[in-house]
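Colleague: entry-v6.pdb is the file, holding PDB, C-alpha atoms:
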```pdb
ATOM      1  CA  MET A  78     128.334 106.422 151.602
ATOM      2  CA  SER A  79     126.559 107.766 148.536
ATOM      3  CA  ARG A  80     122.768 107.771 148.769
ATOM      4  CA  HIS A  81     122.317 109.279 145.302
ATOM      5  CA  VAL A  82     121.710 105.903 143.616
ATOM      6  CA  ALA A  83     119.050 103.828 145.373
ATOM      7  CA  ILE A  84     118.814 100.072 144.867
ATOM      8  CA  VAL A  85     115.438  98.356 144.518
ATOM      9  CA  THR A  86     114.810  94.647 143.998
ATOM     10  CA  ASP A  87     111.873  92.311 144.618
ATOM     11  CA  SER A  88     110.958  89.834 147.325
ATOM     12  CA  THR A  89     112.277  86.812 145.404
ATOM     13  CA  ALA A  90     115.860  87.976 146.044
ATOM     14  CA  TYR A  91     115.568  86.475 149.551
ATOM     15  CA  LEU A  92     118.266  88.762 150.888
ATOM     16  CA  PRO A  93     118.991  88.466 154.617
ATOM     17  CA  PRO A  94     117.202  91.371 156.367
ATOM     18  CA  PRO A  95     120.429  92.626 158.016
ATOM     19  CA  ALA A  96     122.074  92.901 154.583
ATOM     20  CA  MET A  97     119.085  94.806 153.213
ATOM     21  CA  ARG A  98     119.203  97.250 156.117
ATOM     22  CA  ARG A  99     122.973  97.654 155.927
ATOM     23  CA  HIS A 100     122.894  98.439 152.201
ATOM     24  CA  HIS A 101     119.539 100.281 152.176
ATOM     25  CA  ILE A 102     118.049  97.888 149.606
ATOM     26  CA  THR A 103     114.277  97.934 149.158
ATOM     27  CA  ALA A 104     112.353  94.840 148.025
ATOM     28  CA  VAL A 105     108.941  95.113 146.360
ATOM     29  CA  PRO A 106     106.817  92.073 147.305
ATOM     30  CA  LEU A 107     105.283  89.614 144.876
ATOM     31  CA  THR A 108     101.941  88.044 145.762
ATOM     32  CA  VAL A 109     100.898  84.485 146.515
ATOM     33  CA  VAL A 110      97.263  83.604 145.844
ATOM     34  CA  LEU A 111      96.161  80.859 148.214
ATOM     35  CA  GLY A 112      92.593  79.826 147.469
ATOM     36  CA  ASP A 113      90.755  83.159 147.395
ATOM     37  CA  GLN A 114      93.358  85.040 149.443
ATOM     38  CA  ALA A 115      96.031  87.278 147.901
ATOM     39  CA  LEU A 116      98.974  87.484 150.312
ATOM     40  CA  GLU A 117     102.191  89.487 150.087
ATOM     41  CA  GLU A 118     105.349  87.408 150.161
ATOM     42  CA  GLY A 119     107.457  87.967 153.238
ATOM     43  CA  THR A 120     104.833  89.731 155.340
ATOM     44  CA  GLU A 121     101.486  87.970 154.933
ATOM     45  CA  ILE A 122     102.489  84.375 154.138
ATOM     46  CA  SER A 123     105.442  82.355 155.380
ATOM     47  CA  ALA A 124     107.299  79.613 153.552
ATOM     48  CA  ARG A 125     106.104  77.142 156.172
ATOM     49  CA  SER A 126     102.439  78.042 155.612
ATOM     50  CA  LEU A 127     102.979  77.700 151.885
ATOM     51  CA  ALA A 128     104.616  74.280 152.273
ATOM     52  CA  LEU A 129     101.670  73.047 154.351
ATOM     53  CA  ALA A 130      99.207  74.310 151.745
ATOM     54  CA  LEU A 131     101.095  72.542 148.963
ATOM     55  CA  GLN A 132     101.217  69.310 150.945
ATOM     56  CA  LYS A 133      97.426  69.523 151.329
ATOM     57  CA  ARG A 134      97.205  70.154 147.557
ATOM     58  CA  ARG A 135      95.468  73.501 148.001
ATOM     59  CA  PRO A 136      95.478  75.654 144.830
ATOM     60  CA  VAL A 137      98.380  78.111 144.880
ATOM     61  CA  THR A 138      99.318  80.682 142.242
ATOM     62  CA  THR A 139     101.595  83.727 142.203
ATOM     63  CA  SER A 140     101.376  87.200 140.699
ATOM     64  CA  ARG A 141     103.660  90.138 140.045
ATOM     65  CA  PRO A 142     103.587  93.456 141.901
ATOM     66  CA  SER A 143     101.466  96.123 140.259
ATOM     67  CA  PRO A 144     103.159  99.051 138.503
ATOM     68  CA  GLU A 145     101.547 101.264 141.154
ATOM     69  CA  GLU A 146     103.521  99.462 143.876
ATOM     70  CA  PHE A 147     106.738 100.233 142.028
ATOM     71  CA  VAL A 148     105.688 103.856 141.552
ATOM     72  CA  ARG A 149     105.206 104.179 145.332
ATOM     73  CA  THR A 150     108.597 102.579 146.002
ATOM     74  CA  TYR A 151     110.381 104.843 143.520
ATOM     75  CA  GLN A 152     108.653 107.915 145.005
ATOM     76  CA  GLU A 153     109.748 106.899 148.520
ATOM     77  CA  ALA A 154     113.350 106.512 147.331
ATOM     78  CA  ALA A 155     113.249 109.956 145.723
ATOM     79  CA  ASP A 156     111.721 111.460 148.873
ATOM     80  CA  ALA A 157     114.616 109.942 150.851
ATOM     81  CA  GLY A 158     117.127 111.769 148.669
ATOM     82  CA  ALA A 159     117.843 109.427 145.749
ATOM     83  CA  THR A 160     118.570 111.179 142.474
ATOM     84  CA  ALA A 161     118.509 107.914 140.486
ATOM     85  CA  ILE A 162     117.390 104.323 141.025
ATOM     86  CA  VAL A 163     118.609 100.917 139.851
ATOM     87  CA  SER A 164     115.771  98.392 139.954
ATOM     88  CA  LEU A 165     116.953  94.776 139.668
ATOM     89  CA  HIS A 166     114.502  91.916 139.244
ATOM     90  CA  LEU A 167     114.017  88.199 138.757
ATOM     91  CA  SER A 168     114.118  86.723 135.276
ATOM     92  CA  SER A 169     111.333  87.942 133.004
ATOM     93  CA  GLU A 170     111.000  84.304 131.928
ATOM     94  CA  PHE A 171     109.482  83.589 135.356
ATOM     95  CA  SER A 172     107.377  86.656 136.072
ATOM     96  CA  GLY A 173     105.986  89.928 134.769
ATOM     97  CA  THR A 174     107.714  91.795 137.604
ATOM     98  CA  TYR A 175     110.308  93.307 135.260
ATOM     99  CA  ASP A 176     107.554  94.570 132.925
ATOM    100  CA  ALA A 177     105.685  96.165 135.842
ATOM    101  CA  ALA A 178     108.877  97.939 136.932
ATOM    102  CA  VAL A 179     109.487  99.200 133.380
ATOM    103  CA  LEU A 180     105.983 100.677 133.255
ATOM    104  CA  ALA A 181     106.452 102.352 136.627
ATOM    105  CA  ALA A 182     109.841 103.784 135.654
ATOM    106  CA  LYS A 183     108.178 105.900 132.958
ATOM    107  CA  THR A 184     106.428 108.031 135.574
ATOM    108  CA  ALA A 185     109.031 107.894 138.345
ATOM    109  CA  PRO A 186     110.172 111.241 139.801
ATOM    110  CA  VAL A 187     113.844 110.385 139.179
ATOM    111  CA  PRO A 188     115.571 108.325 136.446
ATOM    112  CA  VAL A 189     115.166 104.560 136.951
ATOM    113  CA  ARG A 190     117.247 101.873 135.249
ATOM    114  CA  VAL A 191     115.325  98.585 135.293
ATOM    115  CA  VAL A 192     117.416  95.418 134.908
ATOM    116  CA  ASP A 193     116.245  91.912 134.060
ATOM    117  CA  THR A 194     118.993  89.971 135.835
ATOM    118  CA  GLY A 195     117.895  86.590 134.475
ATOM    119  CA  MET A 196     118.280  85.367 138.064
ATOM    120  CA  VAL A 197     116.141  84.432 141.039
ATOM    121  CA  ALA A 198     116.570  83.875 144.785
ATOM    122  CA  MET A 199     120.060  84.766 146.094
ATOM    123  CA  ALA A 200     121.379  84.726 142.536
ATOM    124  CA  LEU A 201     119.297  87.904 142.268
ATOM    125  CA  GLY A 202     120.230  88.896 145.815
ATOM    126  CA  PHE A 203     123.963  88.789 145.069
ATOM    127  CA  CYS A 204     123.361  91.059 142.039
ATOM    128  CA  ALA A 205     121.525  93.559 144.234
ATOM    129  CA  LEU A 206     124.360  93.500 146.776
ATOM    130  CA  ALA A 207     126.939  94.118 144.045
ATOM    131  CA  ALA A 208     124.948  97.105 142.763
ATOM    132  CA  ALA A 209     124.556  98.489 146.279
ATOM    133  CA  GLU A 210     128.274  98.178 147.008
ATOM    134  CA  ALA A 211     129.097 100.026 143.779
ATOM    135  CA  ALA A 212     126.652 102.808 144.658
ATOM    136  CA  GLU A 213     128.033 103.068 148.189
ATOM    137  CA  ALA A 214     131.507 103.550 146.735
ATOM    138  CA  GLY A 215     130.210 106.640 144.948
ATOM    139  CA  GLY A 216     129.460 104.932 141.662
ATOM    140  CA  SER A 217     126.947 106.090 139.092
ATOM    141  CA  VAL A 218     123.891 104.237 137.814
ATOM    142  CA  ASP A 219     126.070 102.788 135.052
ATOM    143  CA  ASP A 220     128.606 101.598 137.627
ATOM    144  CA  ALA A 221     125.918  99.932 139.756
ATOM    145  CA  VAL A 222     124.347  98.197 136.749
ATOM    146  CA  ALA A 223     127.755  97.063 135.494
ATOM    147  CA  ALA A 224     128.595  95.589 138.904
ATOM    148  CA  ALA A 225     125.304  93.667 138.991
ATOM    149  CA  GLU A 226     125.727  92.397 135.443
ATOM    150  CA  LYS A 227     129.301  91.301 136.103
ATOM    151  CA  ARG A 228     128.145  89.337 139.159
ATOM    152  CA  ALA A 229     125.327  87.766 137.173
ATOM    153  CA  ALA A 230     127.655  86.720 134.363
ATOM    154  CA  GLY A 231     129.714  84.543 136.703
ATOM    155  CA  MET A 232     126.790  83.120 138.668
ATOM    156  CA  SER A 233     125.682  79.493 138.777
ATOM    157  CA  ALA A 234     122.504  78.211 140.409
ATOM    158  CA  PHE A 235     121.726  74.510 140.795
ATOM    159  CA  PHE A 236     118.755  72.984 142.489
ATOM    160  CA  TYR A 237     117.175  69.697 143.380
ATOM    161  CA  VAL A 238     113.426  69.142 143.693
ATOM    162  CA  ASP A 239     111.601  66.066 144.914
ATOM    163  CA  THR A 240     109.202  66.284 141.973
ATOM    164  CA  LEU A 241     108.854  68.325 138.779
ATOM    165  CA  ASP A 242     105.099  68.481 139.274
ATOM    166  CA  TYR A 243     105.024  71.964 140.817
ATOM    167  CA  LEU A 244     107.243  73.432 138.104
ATOM    168  CA  ARG A 245     105.039  71.828 135.446
ATOM    169  CA  ARG A 246     101.837  73.181 136.994
ATOM    170  CA  GLY A 247     103.255  76.694 137.041
ATOM    171  CA  GLY A 248     104.498  76.463 133.456
ATOM    172  CA  ARG A 249     108.130  76.883 134.546
ATOM    173  CA  ILE A 250     109.268  73.660 132.908
ATOM    174  CA  GLY A 251     108.005  71.807 129.854
ATOM    175  CA  ALA A 252     105.359  69.103 130.242
ATOM    176  CA  ALA A 253     107.551  66.667 128.310
ATOM    177  CA  GLN A 254     110.456  67.116 130.740
ATOM    178  CA  ALA A 255     108.140  66.727 133.719
ATOM    179  CA  LEU A 256     106.527  63.627 132.274
ATOM    180  CA  LEU A 257     109.931  62.091 131.537
ATOM    181  CA  GLY A 258     111.041  62.626 135.126
ATOM    182  CA  SER A 259     107.867  61.075 136.508
ATOM    183  CA  ALA A 260     107.838  58.139 134.116
ATOM    184  CA  LEU A 261     111.420  57.174 134.876
ATOM    185  CA  ALA A 262     111.049  57.846 138.619
ATOM    186  CA  VAL A 263     114.252  59.895 138.542
ATOM    187  CA  LYS A 264     115.293  62.732 140.830
ATOM    188  CA  PRO A 265     115.974  65.860 138.791
ATOM    189  CA  LEU A 266     118.852  68.295 139.086
ATOM    190  CA  LEU A 267     118.114  71.610 137.411
ATOM    191  CA  GLN A 268     119.961  74.816 136.698
ATOM    192  CA  LEU A 269     119.328  78.425 135.751
ATOM    193  CA  ASP A 270     120.378  78.886 132.144
ATOM    194  CA  GLY A 271     119.597  81.984 130.100
ATOM    195  CA  GLY A 272     116.992  83.067 132.618
ATOM    196  CA  ARG A 273     115.155  79.743 132.370
ATOM    197  CA  ILE A 274     114.969  76.561 134.396
ATOM    198  CA  GLU A 275     116.584  73.732 132.467
ATOM    199  CA  MET A 276     117.098  70.074 133.234
ATOM    200  CA  LEU A 277     120.755  69.419 134.010
ATOM    201  CA  GLU A 278     120.928  65.789 135.088
ATOM    202  CA  LYS A 279     118.605  62.965 136.098
ATOM    203  CA  VAL A 280     119.705  60.892 139.081
ATOM    204  CA  ARG A 281     118.098  57.729 140.431
ATOM    205  CA  THR A 282     117.770  58.584 144.131
ATOM    206  CA  ALA A 283     117.401  61.685 146.284
ATOM    207  CA  SER A 284     120.617  60.972 148.204
ATOM    208  CA  LYS A 285     122.631  60.620 144.989
ATOM    209  CA  ALA A 286     121.059  63.764 143.546
ATOM    210  CA  ILE A 287     121.925  65.804 146.628
ATOM    211  CA  ALA A 288     125.491  64.425 146.631
ATOM    212  CA  ARG A 289     125.780  65.422 142.978
ATOM    213  CA  LEU A 290     124.444  68.899 143.788
ATOM    214  CA  GLU A 291     127.267  69.275 146.304
ATOM    215  CA  GLU A 292     129.859  68.175 143.742
ATOM    216  CA  LEU A 293     128.555  70.670 141.180
ATOM    217  CA  ALA A 294     128.722  73.481 143.743
ATOM    218  CA  VAL A 295     132.300  72.617 144.708
ATOM    219  CA  GLU A 296     133.376  72.363 141.063
ATOM    220  CA  ARG A 297     131.883  75.761 140.173
ATOM    221  CA  ALA A 298     133.278  77.414 143.288
ATOM    222  CA  GLY A 299     136.825  76.407 142.321
ATOM    223  CA  SER A 300     139.694  77.966 144.236
ATOM    224  CA  GLY A 301     138.855  81.665 143.764
ATOM    225  CA  SER A 302     136.990  83.954 146.144
ATOM    226  CA  VAL A 303     133.309  83.035 146.094
ATOM    227  CA  ASP A 304     130.077  83.641 147.983
ATOM    228  CA  ILE A 305     127.473  80.893 148.255
ATOM    229  CA  ALA A 306     123.816  80.687 149.196
ATOM    230  CA  VAL A 307     122.057  77.468 150.156
ATOM    231  CA  HIS A 308     118.267  77.527 149.887
ATOM    232  CA  HIS A 309     115.621  75.022 150.888
ATOM    233  CA  LEU A 310     111.882  74.652 151.383
ATOM    234  CA  ALA A 311     110.784  72.600 154.385
ATOM    235  CA  ALA A 312     114.142  70.786 154.316
ATOM    236  CA  PRO A 313     116.364  72.516 156.912
ATOM    237  CA  GLU A 314     118.413  69.398 157.693
ATOM    238  CA  ARG A 315     119.353  68.975 154.042
ATOM    239  CA  ALA A 316     120.359  72.631 153.830
ATOM    240  CA  GLU A 317     122.483  72.637 156.977
ATOM    241  CA  LYS A 318     124.260  69.461 155.939
ATOM    242  CA  LEU A 319     125.061  70.842 152.485
ATOM    243  CA  ALA A 320     126.241  74.142 153.979
ATOM    244  CA  ALA A 321     128.526  72.331 156.439
ATOM    245  CA  HIS A 322     130.107  70.311 153.631
ATOM    246  CA  LEU A 323     130.641  73.426 151.508
ATOM    247  CA  ARG A 324     132.336  75.213 154.414
ATOM    248  CA  GLU A 325     134.794  72.343 154.579
ATOM    249  CA  ARG A 326     135.350  71.913 150.844
ATOM    250  CA  VAL A 327     135.422  75.433 149.343
ATOM    251  CA  PRO A 328     138.867  76.916 150.106
ATOM    252  CA  ALA A 329     138.202  80.612 149.424
ATOM    253  CA  LEU A 330     134.642  80.818 150.703
ATOM    254  CA  GLY A 331     133.481  84.316 151.576
ATOM    255  CA  GLU A 332     129.881  84.704 152.694
ATOM    256  CA  LEU A 333     127.669  81.650 153.085
ATOM    257  CA  HIS A 334     123.941  82.285 153.433
ATOM    258  CA  VAL A 335     121.527  79.519 154.422
ATOM    259  CA  SER A 336     117.838  80.305 154.143
ATOM    260  CA  GLU A 337     114.422  78.971 153.335
ATOM    261  CA  VAL A 338     113.000  80.312 150.080
ATOM    262  CA  GLY A 339     109.882  82.406 150.250
ATOM    263  CA  ALA A 340     106.394  81.474 149.204
ATOM    264  CA  VAL A 341     106.646  82.615 145.581
ATOM    265  CA  ILE A 342     109.544  80.361 144.596
ATOM    266  CA  GLY A 343     108.301  77.652 146.945
ATOM    267  CA  ALA A 344     104.967  77.562 145.122
ATOM    268  CA  HIS A 345     106.786  76.522 141.946
ATOM    269  CA  THR A 346     109.280  74.058 143.426
ATOM    270  CA  GLY A 347     107.392  72.354 146.240
ATOM    271  CA  PRO A 348     108.643  71.097 149.609
ATOM    272  CA  GLY A 349     112.003  69.349 149.577
ATOM    273  CA  LEU A 350     113.762  71.942 147.423
ATOM    274  CA  LEU A 351     117.528  72.213 147.939
ATOM    275  CA  ALA A 352     119.505  74.785 145.980
ATOM    276  CA  ALA A 353     123.043  76.144 145.781
ATOM    277  CA  VAL A 354     123.890  79.548 144.313
ATOM    278  CA  ILE A 355     127.574  80.061 143.490
ATOM    279  CA  ALA A 356     128.656  83.685 143.099
ATOM    280  CA  PRO A 357     132.343  84.311 142.294
ATOM    281  CA  ARG A 358     133.633  87.704 143.340
TER     282      ARG A 358
END
```
Please go through the file and, once you have read it, give me the structure as structure tokens.
Modeller:
Amino acid sequence: MSRHVAIVTDSTAYLPPPAMRRHHITAVPLTVVLGDQALEEGTEISARSLALALQKRRPVTTSRPSPEEFVRTYQEAADAGATAIVSLHLSSEFSGTYDAAVLAAKTAPVPVRVVDTGMVAMALGFCALAAAEAAEAGGSVDDAVAAAEKRAAGMSAFFYVDTLDYLRRGGRIGAAQALLGSALAVKPLLQLDGGRIEMLEKVRTASKAIARLEELAVERAGSGSVDIAVHHLAAPERAEKLAAHLRERVPALGELHVSEVGAVIGAHTGPGLLAAVIAPR
């Protein structure tokens, strides 16, 4: 396995820890600010703690990693033998993480290619895995970036939220869209489109919205080889039920990951989130 090209991502990729260890992927944590406490995602605040804080309507915000954190990560990769680094991050429409990585890359001890994947959660995670697999096969930085970009180009990510309120508060969706959803008492289905969260459909009930989410996932999966991730926040029963249905209905299913999102994404979606990421191979 080539260790010349190291792969770095951020904590919003929500990669399973065994996969990160197996592919030597490093994730730089974003921060959740809960009241007057700044807590690192993944180590200092859990999704469950975040969900409880949101339910109690405690003020929650998020912030990017500092450039200095990326500099330390890049130095550690170089010290471990990397001669180049591919640094893949969530959409710059959501966070300044990409910008912080770009700043850090200017002073890194080895060349760093920073990529705005336009993705988030396992949509980002699948891109990082593709880059790591290309590097492990002896590929160059260009090969790893091309593999990640190819995976991203075929990706679809759909998600259901109980309310648009959290997305509105964080500025991740327009006030007009949020107001429309509230006024009509509809349950929104959203998608990642061009690195942004966009309204896809408005459905009258939660059960119908979740059924529609399943149909969209099956349609996008098609009959070709595909990996899928199912995410949730404080809704494990919903996630397991969706995952079970997808196992039955997707004929060429490869990997299927089921996980709770971390605190950063959870802060912007709220409890009840259910998401499906479809990643053709």
Colleague: With distances taken over all atoms listed in the file, which of A:Pro328, A:Lys318, A:Gly347, A:Ala230 is nearest to Lys133 (chain A)?
Modeller: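 Closest to Lys133 (chain A) of all the choices is A:Gly347.
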Colleague: List as a list of chain:residue names the protein and nucleic acid residues near region 338-345 of chain A, meaning an atom at most 7 Å away when all atoms listed in the file are counted, but skip any in the same chain fewer than 3 places from it.
Modeller: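 Close residues of region 338-345 of chain A: A:Thr89, A:Tyr91, A:Val109, A:Glu118, A:Gly119, A:Ile122, A:Ser123, A:Ala124, A:Leu127, A:Val137, A:Thr139, A:Tyr243, A:Leu244, A:Gly247, A:His308, A:His309, A:Leu310.
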Colleague: At a cut-off of 12 Å around the point (105.6, 89.6, 135.1) (file coordinates), what residues fall inside when counting only C-alpha atoms? I'd like the answer as a PyMOL selection string.
Modeller: chain A and resi 87+107-108+139-144+166-180+193
Colleague: With only C-alpha atoms as the atoms that count, which of A:Ala83, A:Met199, A:Ala212, A:Met276 lies nearest to Arg228 (chain A)?
Modeller: A:Met199
Colleague: So how far away is CA of Thr103 (chain A) from CA of Arg190 (chain A), in Å?
Modeller: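 If I compute the distance from CA of Arg190 (chain A) to CA of Thr103 (chain A), I get 14.8 Å.
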Colleague: Calculated over all atoms listed in the file, which of the candidates A:Arg149, A:Arg98, A:His81, A:Arg281 has the smallest distance to Pro265 (chain A)?
Modeller: A:Arg281
Colleague: Using only C-alpha atoms, which residue out of A:Ser300, A:Thr120, A:Ser336, A:Ser126 lies closest to Ala312 (chain A)?
Modeller: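 Closest residue, counting only C-alpha atoms: A:Ser336.
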Colleague: Neighbouring residues of Gly216 (chain A) were defined as those with any atom within 12 Å, considering only C-alpha atoms; residues of the same chain fewer than 4 positions away were excluded. Please report them as a count of residues only.
Modeller: 19
Colleague: Report the distance between CA of Val303 (chain A) and CA of Ser284 (chain A) in Å, rounded to one decimal place.
Modeller: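 A separation of 25.5 Å between them.
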Colleague: Got a sec to check which residues sit within 12 Å of (115.2, 104.8, 132.6), counting all atoms listed in the file, and write them as a count of residues only?
Modeller: 22
